[in-house]
Amino acid sequence: MLYSVLRSKIHRVRVTEAQLYYQGSLSLDPDLMEAADLKEHDWVQITSMANGVRWQTYVISAERGSGTVRANGSAARHFAPGDEVIVLAFGYASEDERATFQPRVVFVDENNRVQPATGETTH
């Protein structure tokens with residue numbers, strides 16, 4: 001049997017843009033994607049700390065080094081610039097893998113720059 005597990009998360013990243021008239025997705029700075037082991041078109045869940053909304057979509061690349069976290073399409077109705085969100089990616093693991101697996105957790109500063117894993121965010 002395979003179990004669904006949290007594979008990685010970007011903790012308390014700030015939404016920088018919301019673009020309603022786009023086909024949909026979440027645009028992320030490739031620096032954030034790489035830190036969280038996300039590839040273009042990976043399925044993610046976005047959780048808003050402002051209003052509790054959970055939204056599922058896929059990731060696309062934004063400009064490297066920009067700190068971009070852009071909610072595209074209908075997600076723009078739920079996530080506004082300045083909102084803190086958590087981006088979650090899930091995967092599947094066998095029972096043996098699940099016993100020792102640890103998700104990758106990415107912490108950021110107020111400009112969405114990757115920070116050392118200290119257990120706390122800087123904002």
# chains A, B, ... in the order shown; residues from 1 in each chain; ligands from 1
>>> residues_around(residues="stretch 63-73 of chain A", least_positions_apart="6", cutoff="10 Å", atoms="only C-alpha atoms", output="number ranges by chain")
A: 13-33, 46, 57, 79-82, 85, 87, 108-114
>>> write_last_selection(atoms="N, CA and C atoms", output="compact mmCIF listing (two decimals), in the first residue's frame")
# COMPACT_ATOMS: atom_id res chain seq x y z
N VAL A 13 5.31 32.03 3.09
CA VAL A 13 5.77 32.85 1.98
C VAL A 13 4.70 33.90 1.71
N ARG A 14 5.09 35.05 1.20
CA ARG A 14 4.13 36.12 0.95
C ARG A 14 3.73 36.17 -0.52
N VAL A 15 2.43 36.29 -0.76
CA VAL A 15 1.92 36.47 -2.12
C VAL A 15 2.38 37.84 -2.60
N THR A 16 2.97 37.89 -3.77
CA THR A 16 3.46 39.16 -4.32
C THR A 16 2.53 39.73 -5.38
N GLU A 17 1.75 38.85 -6.04
CA GLU A 17 0.85 39.28 -7.10
C GLU A 17 -0.34 38.35 -7.17
N ALA A 18 -1.43 38.86 -7.72
CA ALA A 18 -2.60 38.05 -8.02
C ALA A 18 -3.08 38.46 -9.40
N GLN A 19 -3.07 37.53 -10.33
CA GLN A 19 -3.41 37.82 -11.72
C GLN A 19 -4.63 36.99 -12.11
N LEU A 20 -5.81 37.62 -12.04
CA LEU A 20 -7.06 36.92 -12.29
C LEU A 20 -7.16 36.41 -13.72
N TYR A 21 -6.80 37.22 -14.69
CA TYR A 21 -6.99 36.84 -16.10
C TYR A 21 -5.79 36.09 -16.65
N TYR A 22 -5.61 34.91 -16.09
CA TYR A 22 -4.55 33.99 -16.48
C TYR A 22 -5.15 32.61 -16.38
N GLN A 23 -4.67 31.66 -17.11
CA GLN A 23 -5.33 30.35 -17.18
C GLN A 23 -5.30 29.57 -15.86
N GLY A 24 -4.50 29.97 -14.92
CA GLY A 24 -4.45 29.30 -13.63
C GLY A 24 -3.08 28.77 -13.31
N SER A 25 -2.77 28.65 -12.04
CA SER A 25 -1.53 28.07 -11.53
C SER A 25 -1.00 28.95 -10.40
N LEU A 26 0.16 28.58 -9.90
CA LEU A 26 0.89 29.37 -8.93
C LEU A 26 2.28 29.60 -9.51
N SER A 27 2.62 30.85 -9.76
CA SER A 27 3.96 31.18 -10.26
C SER A 27 4.89 31.37 -9.07
N LEU A 28 6.03 30.67 -9.10
CA LEU A 28 7.01 30.77 -8.02
C LEU A 28 8.39 31.07 -8.57
N ASP A 29 9.15 31.84 -7.82
CA ASP A 29 10.56 32.06 -8.09
C ASP A 29 11.24 30.69 -8.12
N PRO A 30 12.02 30.37 -9.14
CA PRO A 30 12.70 29.08 -9.21
C PRO A 30 13.60 28.80 -7.99
N ASP A 31 14.10 29.84 -7.33
CA ASP A 31 14.88 29.61 -6.11
C ASP A 31 14.03 28.93 -5.03
N LEU A 32 12.76 29.36 -4.93
CA LEU A 32 11.84 28.73 -3.98
C LEU A 32 11.51 27.31 -4.42
N MET A 33 11.28 27.15 -5.72
CA MET A 33 10.94 25.82 -6.24
C MET A 33 12.06 24.83 -5.96
N ILE A 46 -2.15 25.37 -1.71
CA ILE A 46 -1.80 26.65 -1.11
C ILE A 46 -2.77 26.86 0.05
N THR A 57 -3.55 23.58 -7.10
CA THR A 57 -3.20 23.99 -8.45
C THR A 57 -1.82 23.42 -8.78
N PHE A 79 -6.29 34.73 -2.84
CA PHE A 79 -4.96 35.05 -2.32
C PHE A 79 -4.55 36.42 -2.85
N ALA A 80 -4.40 37.38 -1.94
CA ALA A 80 -4.09 38.76 -2.32
C ALA A 80 -2.63 39.08 -2.00
N PRO A 81 -2.05 40.03 -2.74
CA PRO A 81 -0.68 40.44 -2.43
C PRO A 81 -0.56 40.81 -0.94
N GLY A 82 0.52 40.30 -0.33
CA GLY A 82 0.76 40.53 1.08
C GLY A 82 0.29 39.40 1.97
N VAL A 85 1.09 32.65 2.98
CA VAL A 85 0.55 31.35 2.62
C VAL A 85 1.58 30.27 2.90
N VAL A 87 2.79 26.75 1.03
CA VAL A 87 2.71 25.95 -0.19
C VAL A 87 3.13 24.53 0.17
N VAL A 108 11.45 31.31 4.75
CA VAL A 108 11.78 32.49 3.95
C VAL A 108 11.80 33.74 4.83
N ASP A 109 12.42 34.80 4.30
CA ASP A 109 12.37 36.10 4.97
C ASP A 109 11.19 36.90 4.40
N GLU A 110 11.09 38.17 4.77
CA GLU A 110 9.96 39.00 4.34
C GLU A 110 9.94 39.29 2.84
N ASN A 111 11.04 38.98 2.14
CA ASN A 111 11.12 39.17 0.69
C ASN A 111 11.09 37.84 -0.06
N ASN A 112 10.64 36.79 0.61
CA ASN A 112 10.55 35.45 0.03
C ASN A 112 11.90 34.88 -0.39
N ARG A 113 12.94 35.26 0.32
CA ARG A 113 14.27 34.70 0.07
C ARG A 113 14.46 33.51 1.01
N VAL A 114 14.99 32.42 0.49
CA VAL A 114 15.21 31.22 1.28
C VAL A 114 16.18 31.50 2.42
>>> select_by_dssp(residues="chain A", states="alpha helix (DSSP H)", output="ChimeraX atom specification")
/A:30-35,95-100
>>> write_last_selection(atoms="C-alpha atoms", output="compact mmCIF listing (two decimals), in the first residue's frame")
# COMPACT_ATOMS: atom_id res chain seq x y z
CA PRO A 30 12.70 29.08 -9.21
CA ASP A 31 14.88 29.61 -6.11
CA LEU A 32 11.84 28.73 -3.98
CA MET A 33 10.94 25.82 -6.24
CA GLU A 34 14.42 24.32 -6.03
CA ALA A 35 14.61 24.74 -2.26
CA GLU A 95 5.13 1.88 4.59
CA ASP A 96 8.90 1.39 4.91
CA GLU A 97 9.69 4.76 3.30
CA ARG A 98 7.06 6.47 5.43
CA ALA A 99 8.69 5.24 8.65
CA THR A 100 11.81 7.38 8.12
>>> atom_distance(atom1="atom CA of A:Val105", atom2="atom CA of A:Ser74")
26.7 Å
>>> closest_residue(among="A:Trp43, A:Trp55, A:Tyr3, A:Phe90", to="A:His78", atoms="only C-alpha atoms")
A:Trp55
>>> atom_distance(atom1="atom CA of A:Leu2", atom2="atom CA of A:Tyr58")
22.1 Å
>>> select_by_dssp(residues="stretch 33-80 of chain A", states="strand (DSSP E or B)", output="list in words")
Trp43, Val44, Gln45, Ile46, Thr47, Ser48, Arg54, Trp55, Gln56, Thr57, Tyr58, Val59, Ile60, Ser61, Val69, Arg70, Ala71 and Asn72 of chain A
>>> closest_residue(among="A:Ser8, A:Gln115, A:Ser48, A:Ser61", to="A:Ala76", atoms="only C-alpha atoms")
A:Ser48
>>> residues_around(residues="A:Asp42", least_positions_apart="3", cutoff="9 Å", atoms="only C-alpha atoms", output="list in words")
Leu38, Lys39, Thr57, Tyr58, Val59, Ile60 and Ala89 of chain A
>>> write_last_selection(atoms="N, CA and C atoms", output="short mmCIF file (atom, residue, chain, number, x, y, z; two decimals), in the first residue's frame")
data_model
loop_
_atom_site.label_atom_id
_atom_site.label_comp_id
_atom_site.auth_asym_id
_atom_site.auth_seq_id
_atom_site.Cartn_x
_atom_site.Cartn_y
_atom_site.Cartn_z
N LEU A 38 10.50 21.35 -5.98
CA LEU A 38 9.33 21.42 -6.85
C LEU A 38 9.78 21.60 -8.30
N LYS A 39 9.12 20.90 -9.17
CA LYS A 39 9.37 21.03 -10.61
C LYS A 39 8.15 21.70 -11.25
N THR A 57 -3.55 23.58 -7.10
CA THR A 57 -3.20 23.99 -8.45
C THR A 57 -1.82 23.42 -8.78
N TYR A 58 -1.21 23.91 -9.82
CA TYR A 58 0.12 23.45 -10.21
C TYR A 58 1.08 24.63 -10.23
N VAL A 59 2.37 24.34 -10.20
CA VAL A 59 3.41 25.36 -10.13
C VAL A 59 3.98 25.65 -11.51
N ILE A 60 4.24 26.93 -11.78
CA ILE A 60 5.02 27.32 -12.95
C ILE A 60 6.11 28.28 -12.50
N ALA A 89 3.43 20.38 -0.94
CA ALA A 89 3.52 19.38 -2.01
C ALA A 89 3.48 18.00 -1.36
#
>>> closest_residue(among="A:Asp83, A:Arg7, A:Leu88, A:Ala93", to="A:Ala50", atoms="only C-alpha atoms")
A:Asp83
>>> closest_residue(among="A:Glu84, A:Arg54, A:Arg104, A:Pro116", to="A:Lys9", atoms="only C-alpha atoms")
A:Arg104
